[in-house]
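Next comes input_24.csv, with CSV, N, CA, C and O atoms.
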chain,number,residue,atom,x,y,z
A,9,MET,N,-6.6,6.8,-9.7
A,9,MET,CA,-6.1,7.3,-8.4
A,9,MET,C,-6.7,8.7,-8.2
A,9,MET,O,-6.7,9.5,-9.0
A,10,GLY,N,-7.3,8.8,-7.0
A,10,GLY,CA,-7.9,10.1,-6.6
A,10,GLY,C,-6.9,11.0,-5.9
A,10,GLY,O,-5.7,10.6,-5.7
A,11,LEU,N,-7.3,12.2,-5.5
A,11,LEU,CA,-6.5,13.2,-4.9
A,11,LEU,C,-7.2,13.9,-3.8
A,11,LEU,O,-8.4,14.3,-4.0
A,12,LEU,N,-6.5,14.1,-2.7
A,12,LEU,CA,-7.0,14.9,-1.6
A,12,LEU,C,-6.0,16.0,-1.5
A,12,LEU,O,-4.8,15.8,-1.3
A,13,SER,N,-6.4,17.2,-1.7
A,13,SER,CA,-5.5,18.4,-1.5
A,13,SER,C,-5.9,19.1,-0.2
A,13,SER,O,-7.1,19.4,0.0
A,14,TYR,N,-4.9,19.5,0.5
A,14,TYR,CA,-5.0,20.1,1.8
A,14,TYR,C,-4.4,21.5,1.8
A,14,TYR,O,-3.2,21.6,1.5
A,15,ASN,N,-5.2,22.5,2.0
A,15,ASN,CA,-4.7,23.9,2.0
A,15,ASN,C,-3.8,24.3,0.8
A,15,ASN,O,-2.9,25.1,0.9
A,16,ALA,N,-4.1,23.7,-0.4
A,16,ALA,CA,-3.4,23.9,-1.6
A,16,ALA,C,-1.9,23.7,-1.6
A,16,ALA,O,-1.2,24.1,-2.5
A,17,THR,N,-1.4,23.1,-0.5
A,17,THR,CA,0.1,22.9,-0.4
A,17,THR,C,0.4,21.4,-0.2
A,17,THR,O,1.6,21.1,-0.5
A,18,THR,N,-0.5,20.6,0.2
A,18,THR,CA,-0.2,19.2,0.5
A,18,THR,C,-1.2,18.4,-0.3
A,18,THR,O,-2.4,18.6,-0.3
A,19,ARG,N,-0.7,17.4,-1.0
A,19,ARG,CA,-1.5,16.5,-1.8
A,19,ARG,C,-1.3,15.0,-1.4
A,19,ARG,O,-0.2,14.6,-1.1
A,20,PHE,N,-2.4,14.3,-1.3
A,20,PHE,CA,-2.4,12.9,-1.0
A,20,PHE,C,-3.0,12.2,-2.2
A,20,PHE,O,-4.2,12.4,-2.5
A,21,ASP,N,-2.2,11.3,-2.8
A,21,ASP,CA,-2.8,10.4,-3.9
A,21,ASP,C,-3.3,9.2,-3.2
A,21,ASP,O,-2.6,8.5,-2.6
A,22,ILE,N,-4.6,9.0,-3.4
A,22,ILE,CA,-5.4,7.9,-2.8
A,22,ILE,C,-6.3,7.3,-3.8
A,22,ILE,O,-7.0,8.0,-4.6
A,23,ASP,N,-6.4,6.0,-3.8
A,23,ASP,CA,-7.3,5.4,-4.8
A,23,ASP,C,-8.8,5.8,-4.5
A,23,ASP,O,-9.1,6.2,-3.4
A,24,ASP,N,-9.6,5.8,-5.6
A,24,ASP,CA,-10.9,6.4,-5.5
A,24,ASP,C,-11.8,5.7,-4.4
A,24,ASP,O,-12.5,6.4,-3.7
A,25,ARG,N,-11.7,4.4,-4.3
A,25,ARG,CA,-12.6,3.7,-3.3
A,25,ARG,C,-12.2,4.2,-1.9
A,25,ARG,O,-13.1,4.5,-1.1
A,26,THR,N,-10.9,4.3,-1.6
A,26,THR,CA,-10.5,4.7,-0.2
A,26,THR,C,-10.9,6.2,0.0
A,26,THR,O,-11.4,6.6,1.0
A,27,LEU,N,-10.7,7.0,-1.1
A,27,LEU,CA,-11.0,8.4,-1.0
A,27,LEU,C,-12.5,8.7,-0.6
A,27,LEU,O,-12.8,9.5,0.2
A,28,VAL,N,-13.4,7.9,-1.2
A,28,VAL,CA,-14.8,8.1,-0.9
A,28,VAL,C,-15.1,7.8,0.5
A,28,VAL,O,-15.9,8.5,1.2
A,29,HIS,N,-14.4,6.8,1.1
A,29,HIS,CA,-14.6,6.5,2.5
A,29,HIS,C,-14.0,7.5,3.4
A,29,HIS,O,-14.6,7.9,4.5
A,30,LEU,N,-12.9,8.0,3.0
A,30,LEU,CA,-12.2,9.1,3.8
A,30,LEU,C,-13.1,10.3,3.8
A,30,LEU,O,-13.3,11.0,4.8
A,31,GLU,N,-13.7,10.7,2.6
A,31,GLU,CA,-14.6,11.8,2.5
A,31,GLU,C,-15.7,11.7,3.5
A,31,GLU,O,-16.0,12.7,4.2
A,32,ALA,N,-16.3,10.6,3.6
A,32,ALA,CA,-17.4,10.4,4.5
A,32,ALA,C,-17.0,10.7,6.0
A,32,ALA,O,-17.7,11.3,6.7
A,33,VAL,N,-15.9,10.2,6.4
A,33,VAL,CA,-15.4,10.4,7.7
A,33,VAL,C,-15.0,11.8,8.0
A,33,VAL,O,-15.4,12.5,9.0
A,34,ILE,N,-14.3,12.4,7.0
A,34,ILE,CA,-13.8,13.8,7.2
A,34,ILE,C,-15.0,14.8,7.2
A,34,ILE,O,-15.1,15.7,8.0
A,35,TYR,N,-16.0,14.6,6.3
A,35,TYR,CA,-17.1,15.4,6.3
A,35,TYR,C,-17.9,15.3,7.6
A,35,TYR,O,-18.4,16.3,8.2
A,36,ALA,N,-18.1,14.1,8.1
A,36,ALA,CA,-18.8,13.9,9.4
A,36,ALA,C,-18.1,14.6,10.5
A,36,ALA,O,-18.7,15.3,11.3
A,37,LYS,N,-16.8,14.5,10.6
A,37,LYS,CA,-16.0,15.1,11.7
A,37,LYS,C,-16.1,16.7,11.6
A,37,LYS,O,-16.3,17.3,12.6
A,38,LEU,N,-15.9,17.2,10.4
A,38,LEU,CA,-15.8,18.6,10.2
A,38,LEU,C,-17.2,19.2,10.4
A,38,LEU,O,-17.4,20.4,10.9
A,39,ARG,N,-18.3,18.5,10.0
A,39,ARG,CA,-19.6,19.0,10.1
A,39,ARG,C,-20.0,19.2,11.6
A,39,ARG,O,-20.7,20.1,12.0
A,40,ARG,N,-19.4,18.4,12.5
A,40,ARG,CA,-19.6,18.5,13.9
A,40,ARG,C,-18.6,19.4,14.6
A,40,ARG,O,-18.6,19.6,15.8
A,41,GLY,N,-17.7,20.0,13.8
A,41,GLY,CA,-16.8,21.0,14.3
A,41,GLY,C,-15.6,20.3,15.1
A,41,GLY,O,-14.9,20.9,15.9
A,42,GLU,N,-15.3,19.0,14.7
A,42,GLU,CA,-14.3,18.3,15.4
A,42,GLU,C,-13.0,18.3,14.6
A,42,GLU,O,-13.0,17.9,13.4
A,43,SER,N,-11.9,18.8,15.2
A,43,SER,CA,-10.6,18.8,14.6
A,43,SER,C,-9.9,17.4,14.8
A,43,SER,O,-10.2,16.8,15.8
A,44,PHE,N,-9.0,17.0,14.0
A,44,PHE,CA,-8.3,15.8,14.1
A,44,PHE,C,-7.1,15.7,13.2
A,44,PHE,O,-6.9,16.5,12.3
A,45,LEU,N,-6.2,14.8,13.6
A,45,LEU,CA,-5.0,14.5,12.7
A,45,LEU,C,-5.3,13.6,11.6
A,45,LEU,O,-6.2,12.7,11.7
A,46,PHE,N,-4.7,13.9,10.4
A,46,PHE,CA,-4.8,13.0,9.3
A,46,PHE,C,-3.4,12.7,8.8
A,46,PHE,O,-2.6,13.6,8.6
A,47,THR,N,-3.0,11.4,8.8
A,47,THR,CA,-1.7,11.0,8.4
A,47,THR,C,-1.8,9.9,7.4
A,47,THR,O,-2.6,9.0,7.4
A,48,TRP,N,-0.9,10.0,6.4
A,48,TRP,CA,-1.0,9.1,5.2
A,48,TRP,C,0.4,8.8,4.7
A,48,TRP,O,1.3,9.7,4.7
A,49,SER,N,0.6,7.6,4.2
A,49,SER,CA,1.9,7.3,3.6
A,49,SER,C,2.1,8.0,2.3
A,49,SER,O,1.1,8.3,1.6
A,50,ARG,N,3.3,8.5,2.0
A,50,ARG,CA,3.6,9.2,0.8
A,50,ARG,C,3.4,8.3,-0.4
A,50,ARG,O,3.6,7.1,-0.3
A,51,ALA,N,3.0,8.9,-1.6
A,51,ALA,CA,2.9,8.1,-2.8
A,51,ALA,C,4.3,7.5,-3.2
A,51,ALA,O,5.3,8.1,-2.8
A,52,ALA,N,4.2,6.5,-4.0
A,52,ALA,CA,5.5,5.7,-4.3
A,52,ALA,C,6.5,6.6,-4.9
A,52,ALA,O,7.7,6.5,-4.6
A,53,GLY,N,6.2,7.6,-5.7
A,53,GLY,CA,7.1,8.5,-6.4
A,53,GLY,C,7.7,9.5,-5.5
A,53,GLY,O,8.6,10.2,-5.9
A,54,GLU,N,7.2,9.6,-4.3
A,54,GLU,CA,7.7,10.7,-3.3
A,54,GLU,C,8.6,10.1,-2.3
A,54,GLU,O,9.0,10.9,-1.4
A,55,GLY,N,9.0,8.9,-2.4
A,55,GLY,CA,9.9,8.3,-1.4
A,55,GLY,C,9.1,7.7,-0.2
A,55,GLY,O,7.9,7.6,-0.3
A,56,THR,N,9.8,7.4,0.8
A,56,THR,CA,9.2,6.7,2.0
A,56,THR,C,8.8,7.8,3.0
A,56,THR,O,9.2,8.9,2.9
A,57,GLY,N,8.0,7.4,3.9
A,57,GLY,CA,7.6,8.3,5.0
A,57,GLY,C,6.1,8.6,5.0
A,57,GLY,O,5.3,8.0,4.2
A,58,ARG,N,5.7,9.4,5.9
A,58,ARG,CA,4.3,9.8,6.1
A,58,ARG,C,4.2,11.3,6.1
A,58,ARG,O,5.1,12.0,6.5
A,59,THR,N,3.0,11.8,5.8
A,59,THR,CA,2.7,13.2,5.9
A,59,THR,C,1.5,13.3,6.9
A,59,THR,O,0.5,12.5,6.8
A,60,THR,N,1.6,14.2,7.8
A,60,THR,CA,0.5,14.4,8.8
A,60,THR,C,0.0,15.9,8.7
A,60,THR,O,0.9,16.8,8.7
A,61,VAL,N,-1.3,16.1,8.7
A,61,VAL,CA,-1.8,17.4,8.8
A,61,VAL,C,-2.9,17.5,9.8
A,61,VAL,O,-3.5,16.5,10.3
A,62,TRP,N,-3.2,18.7,10.3
A,62,TRP,CA,-4.3,19.0,11.3
A,62,TRP,C,-5.5,19.4,10.5
A,62,TRP,O,-5.5,20.4,9.8
A,63,MET,N,-6.6,18.6,10.6
A,63,MET,CA,-7.8,18.9,9.9
A,63,MET,C,-8.8,19.7,10.8
A,63,MET,O,-9.0,19.3,11.9
A,64,ASN,N,-9.3,20.8,10.3
A,64,ASN,CA,-10.3,21.5,11.0
A,64,ASN,C,-11.2,22.3,10.0
A,64,ASN,O,-10.9,22.2,8.8
A,65,ARG,N,-12.2,23.0,10.6
A,65,ARG,CA,-13.1,23.7,9.7
A,65,ARG,C,-12.5,24.7,8.8
A,65,ARG,O,-13.0,25.1,7.7
A,66,ALA,N,-11.3,25.2,9.2
A,66,ALA,CA,-10.6,26.3,8.4
A,66,ALA,C,-9.8,25.6,7.3
A,66,ALA,O,-9.3,26.4,6.4
A,67,SER,N,-9.6,24.3,7.3
A,67,SER,CA,-8.8,23.7,6.2
A,67,SER,C,-9.5,23.8,4.9
A,67,SER,O,-10.7,23.7,4.8
A,68,HIS,N,-8.7,24.0,3.9
A,68,HIS,CA,-9.2,24.1,2.5
A,68,HIS,C,-9.0,22.8,1.9
A,68,HIS,O,-7.8,22.4,1.6
A,69,LEU,N,-10.0,22.0,1.6
A,69,LEU,CA,-9.9,20.6,1.1
A,69,LEU,C,-10.5,20.5,-0.3
A,69,LEU,O,-11.5,21.1,-0.5
A,70,VAL,N,-9.8,19.7,-1.1
A,70,VAL,CA,-10.4,19.4,-2.4
A,70,VAL,C,-10.3,17.9,-2.5
A,70,VAL,O,-9.2,17.3,-2.3
A,71,PHE,N,-11.4,17.2,-2.8
A,71,PHE,CA,-11.4,15.8,-3.1
A,71,PHE,C,-11.7,15.6,-4.6
A,71,PHE,O,-12.6,16.1,-5.1
A,72,ARG,N,-10.8,14.9,-5.3
A,72,ARG,CA,-10.9,14.7,-6.7
A,72,ARG,C,-10.8,13.2,-7.0
A,72,ARG,O,-9.7,12.7,-6.8
A,73,ARG,N,-11.8,12.7,-7.5
A,73,ARG,CA,-11.8,11.2,-7.9
A,73,ARG,C,-11.5,11.1,-9.4
A,73,ARG,O,-12.0,12.0,-10.2
A,74,ARG,N,-10.8,10.1,-9.8
A,74,ARG,CA,-10.5,9.9,-11.2
A,74,ARG,C,-11.7,9.5,-12.0
A,74,ARG,O,-11.9,9.9,-13.1
A,75,HIS,N,-12.6,8.7,-11.4
A,75,HIS,CA,-13.8,8.2,-12.1
A,75,HIS,C,-15.0,8.8,-11.5
A,75,HIS,O,-15.1,9.0,-10.3
A,76,ASP,N,-16.1,9.0,-12.3
A,76,ASP,CA,-17.3,9.6,-11.8
A,76,ASP,C,-18.3,8.6,-11.3
A,76,ASP,O,-19.4,8.9,-10.8
A,77,ALA,N,-18.0,7.3,-11.4
A,77,ALA,CA,-19.0,6.3,-11.0
A,77,ALA,C,-19.3,6.3,-9.5
A,77,ALA,O,-18.4,6.6,-8.7
A,78,ARG,N,-20.5,6.0,-9.2
A,78,ARG,CA,-20.9,6.0,-7.7
A,78,ARG,C,-20.2,4.7,-7.1
A,78,ARG,O,-20.3,3.6,-7.6
A,79,ILE,N,-19.6,5.0,-6.0
A,79,ILE,CA,-18.8,3.9,-5.3
A,79,ILE,C,-19.6,3.5,-4.0
A,79,ILE,O,-19.9,4.4,-3.2
A,80,PRO,N,-20.0,2.2,-3.9
A,80,PRO,CA,-20.8,1.8,-2.7
A,80,PRO,C,-20.0,1.9,-1.5
A,80,PRO,O,-18.8,1.7,-1.5
A,81,LEU,N,-20.6,2.4,-0.4
A,81,LEU,CA,-19.9,2.5,0.9
A,81,LEU,C,-19.9,1.3,1.7
A,81,LEU,O,-20.9,0.6,1.8
A,82,ASN,N,-18.8,1.0,2.3
A,82,ASN,CA,-18.6,-0.1,3.3
A,82,ASN,C,-18.7,0.5,4.7
A,82,ASN,O,-17.8,1.2,5.1
A,83,HIS,N,-19.9,0.4,5.3
A,83,HIS,CA,-20.1,1.1,6.6
A,83,HIS,C,-19.2,0.5,7.7
A,83,HIS,O,-18.9,1.3,8.6
A,84,GLU,N,-18.8,-0.7,7.7
A,84,GLU,CA,-17.9,-1.2,8.7
A,84,GLU,C,-16.5,-0.5,8.6
A,84,GLU,O,-15.9,-0.2,9.6
A,85,TRP,N,-16.1,-0.3,7.3
A,85,TRP,CA,-14.8,0.4,7.1
A,85,TRP,C,-14.9,1.8,7.6
A,85,TRP,O,-14.0,2.3,8.3
A,86,ILE,N,-16.0,2.5,7.3
A,86,ILE,CA,-16.2,3.9,7.8
A,86,ILE,C,-16.2,3.9,9.3
A,86,ILE,O,-15.5,4.8,9.9
A,87,GLU,N,-16.8,3.0,10.0
A,87,GLU,CA,-16.8,2.9,11.4
A,87,GLU,C,-15.3,2.8,11.9
A,87,GLU,O,-14.9,3.5,12.9
A,88,ARG,N,-14.5,1.9,11.3
A,88,ARG,CA,-13.1,1.7,11.8
A,88,ARG,C,-12.3,3.0,11.5
A,88,ARG,O,-11.5,3.4,12.3
A,89,LEU,N,-12.6,3.6,10.4
A,89,LEU,CA,-11.9,4.9,10.1
A,89,LEU,C,-12.3,6.0,11.1
A,89,LEU,O,-11.4,6.8,11.5
A,90,MET,N,-13.5,6.0,11.5
A,90,MET,CA,-14.0,7.0,12.4
A,90,MET,C,-13.4,6.8,13.8
A,90,MET,O,-13.0,7.7,14.5
A,91,VAL,N,-13.2,5.5,14.2
A,91,VAL,CA,-12.6,5.2,15.5
A,91,VAL,C,-11.1,5.7,15.4
A,91,VAL,O,-10.6,6.3,16.4
A,92,ALA,N,-10.5,5.5,14.3
A,92,ALA,CA,-9.1,6.0,14.2
A,92,ALA,C,-9.0,7.5,14.2
A,92,ALA,O,-8.2,8.0,14.9
A,93,ALA,N,-10.0,8.2,13.6
A,93,ALA,CA,-10.0,9.6,13.6
A,93,ALA,C,-10.2,10.2,15.0
A,93,ALA,O,-9.7,11.2,15.3
A,94,ASN,N,-10.9,9.4,15.8
A,94,ASN,CA,-11.2,9.9,17.2
A,94,ASN,C,-10.1,9.5,18.1
A,94,ASN,O,-10.1,9.9,19.3
A,95,SER,N,-9.1,8.8,17.7
A,95,SER,CA,-8.0,8.4,18.6
A,95,SER,C,-6.9,9.4,18.6
A,95,SER,O,-6.8,10.3,17.7
A,96,PRO,N,-5.9,9.3,19.5
A,96,PRO,CA,-4.8,10.2,19.6
A,96,PRO,C,-3.9,10.1,18.3
A,96,PRO,O,-3.3,11.1,17.9
A,97,ALA,N,-3.9,9.0,17.7
A,97,ALA,CA,-3.1,8.8,16.5
A,97,ALA,C,-3.7,9.5,15.2
A,97,ALA,O,-3.1,9.7,14.3
A,98,GLY,N,-5.0,9.7,15.3
A,98,GLY,CA,-5.7,10.3,14.2
A,98,GLY,C,-6.1,9.4,13.0
A,98,GLY,O,-5.8,8.2,13.1
A,99,LEU,N,-6.7,9.9,12.0
A,99,LEU,CA,-7.2,9.2,10.9
A,99,LEU,C,-5.9,8.8,10.1
A,99,LEU,O,-5.1,9.6,9.8
A,100,HIS,N,-5.9,7.5,9.7
A,100,HIS,CA,-4.7,7.0,9.0
A,100,HIS,C,-5.2,5.9,8.1
A,100,HIS,O,-6.3,5.4,8.1
A,101,ASP,N,-4.3,5.4,7.2
A,101,ASP,CA,-4.6,4.4,6.3
A,101,ASP,C,-4.9,3.0,6.9
A,101,ASP,O,-4.1,2.5,7.6
A,102,LEU,N,-6.1,2.6,6.8
A,102,LEU,CA,-6.6,1.3,7.3
A,102,LEU,C,-7.1,0.5,6.1
A,102,LEU,O,-7.9,1.0,5.3
A,103,PRO,N,-6.7,-0.7,5.9
A,103,PRO,CA,-7.2,-1.5,4.8
A,103,PRO,C,-8.7,-1.8,5.0
A,103,PRO,O,-9.2,-1.9,6.1
A,104,GLU,N,-9.4,-2.0,3.9
A,104,GLU,CA,-10.8,-2.3,3.9
A,104,GLU,C,-10.9,-3.8,4.3
A,104,GLU,O,-10.2,-4.7,3.8
A,105,SER,N,-11.7,-4.1,5.3
A,105,SER,CA,-11.9,-5.4,5.8
A,105,SER,C,-12.6,-6.3,4.8
A,105,SER,O,-13.6,-5.8,4.2
A,106,GLU,N,-12.2,-7.5,4.7
A,106,GLU,CA,-12.9,-8.5,3.8
A,106,GLU,C,-14.3,-8.8,4.3
A,106,GLU,O,-15.2,-9.1,3.5
A,107,SER,N,-14.6,-8.6,5.6
A,107,SER,CA,-15.9,-9.0,6.1
A,107,SER,C,-16.9,-8.0,6.0
A,107,SER,O,-18.1,-8.2,6.2
A,108,GLY,N,-16.5,-6.7,5.7
A,108,GLY,CA,-17.5,-5.6,5.6
A,108,GLY,C,-18.4,-5.8,4.3
A,108,GLY,O,-18.0,-6.3,3.3
A,109,SER,N,-19.6,-5.3,4.5
A,109,SER,CA,-20.6,-5.4,3.3
A,109,SER,C,-20.7,-4.1,2.7
A,109,SER,O,-20.8,-3.1,3.4
A,110,ALA,N,-20.7,-4.0,1.4
A,110,ALA,CA,-20.8,-2.8,0.7
A,110,ALA,C,-22.3,-2.5,0.5
A,110,ALA,O,-23.1,-3.4,0.2
A,111,VAL,N,-22.7,-1.2,0.7
A,111,VAL,CA,-24.1,-0.8,0.6
A,111,VAL,C,-24.1,0.4,-0.4
A,111,VAL,O,-23.3,1.3,-0.2
A,112,GLY,N,-24.9,0.4,-1.4
A,112,GLY,CA,-25.0,1.5,-2.4
A,112,GLY,C,-25.9,2.4,-2.0
A,112,GLY,O,-26.7,3.1,-2.1
Final structure tokens representation of the file:
Amino acid sequence: MGLLSYNATTRFDIDDRTLVHLEAVIYAKLRRGESFLFTWSRAAGEGTGRTTVWMNRASHLVFRRRHDARIPLNHEWIERLMVAANSPAGLHDLPESESGSAVG
């Protein structure tokens, strides 16, 4: 299980594969100076509900993966995550599509 830390106050526990794909989308958005909402379901031990934060260039982010192995990217999934990030609802948990192809 990976970790995304936001401004040293909010933590999102996310599996490594998902985290790598979120990193790609978040880096792309922030590199372009685009702010956006990020909302995620709380980890099982934290009860039910969602946490939402405003991502922008001033955000202090830490991405930590449990494993050091290179994870191939599914470009179709990244596209769908980017569409979500560009929507009024913001970036949120979307399952990886079975039809997407992984490219290393």
Check the DSSP output for the backbone and give back, as a list in words, the residues of chain A in alpha helix (DSSP H).
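Answer for chain A restricted to alpha helix (DSSP H) is Asp24, Arg25, Thr26, Leu27, Val28, His29, Leu30, Glu31, Ala32, Val33, Ile34, Tyr35, Ala36, Lys37, Leu38, Arg39, His83, Glu84, Trp85, Ile86, Glu87, Arg88, Leu89, Met90, Val91, Ala92 and Ala93 of chain A.
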Tell me, in Å to one decimal, how far atom C of Thr17 (chain A) is from atom O of Pro80 (chain A).
27.5 Å
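Among A:Glu87, A:Ala92, A:Leu27, A:Gly98, the residue with the shortest atom-to-atom distance to Val61 (chain A), counting only N, CA, C and O atoms, is A:Gly98.
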Closest to Pro103 (chain A) among A:Arg19, A:Arg25, A:Leu12, A:Leu38, using only C-alpha atoms?
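Of the candidates, the smallest distance to Pro103 (chain A) is held by A:Arg25.
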Looking at A:Ile34, A:Ile22, A:His29, A:Thr47, which one is nearest to Glu84 (chain A), with distances taken over only C-alpha atoms?
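Using only C-alpha atoms, the shortest distance to Glu84 (chain A) belongs to A:His29.
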Interatomic distance between atom O of Leu89 (chain A) and atom O of Leu45 (chain A)?
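Atom O of Leu45 (chain A) lies at a distance of 7.9 Å from atom O of Leu89 (chain A).
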Do you have the atom N of Ser95 (chain A)-atom O of Thr60 (chain A) distance handy?
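Interatomic distance, atom N of Ser95 (chain A) to atom O of Thr60 (chain A): 15.7 Å.
Of the residues under consideration (A:His75, A:Glu54, A:Leu69, A:Ser105), A:Leu69 shows the shortest atom-to-atom contact distance to Thr18 (chain A) when counting only N, CA, C and O atoms.
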As JSON, numbers by chain, please: every residue in region 13-112 of chain A that a backbone DSSP assignment puts in strand (DSSP E).
{"A": [13, 14, 18, 19, 20, 21, 22, 44, 45, 46, 47, 48, 49, 58, 59, 60, 61, 62, 63, 69, 70, 71, 72, 81, 82, 110, 111]}
Tell me which of A:Leu102, A:Val28, A:Ala36, A:Leu11 sits closest to Leu81 (chain A), counting only N, CA, C and O atoms.
A:Val28
Top pick for closest residue to Phe46 (chain A), considering A:Arg65, A:Arg58, A:Arg72, A:Arg78 and counting only N, CA, C and O atoms:
A:Arg58
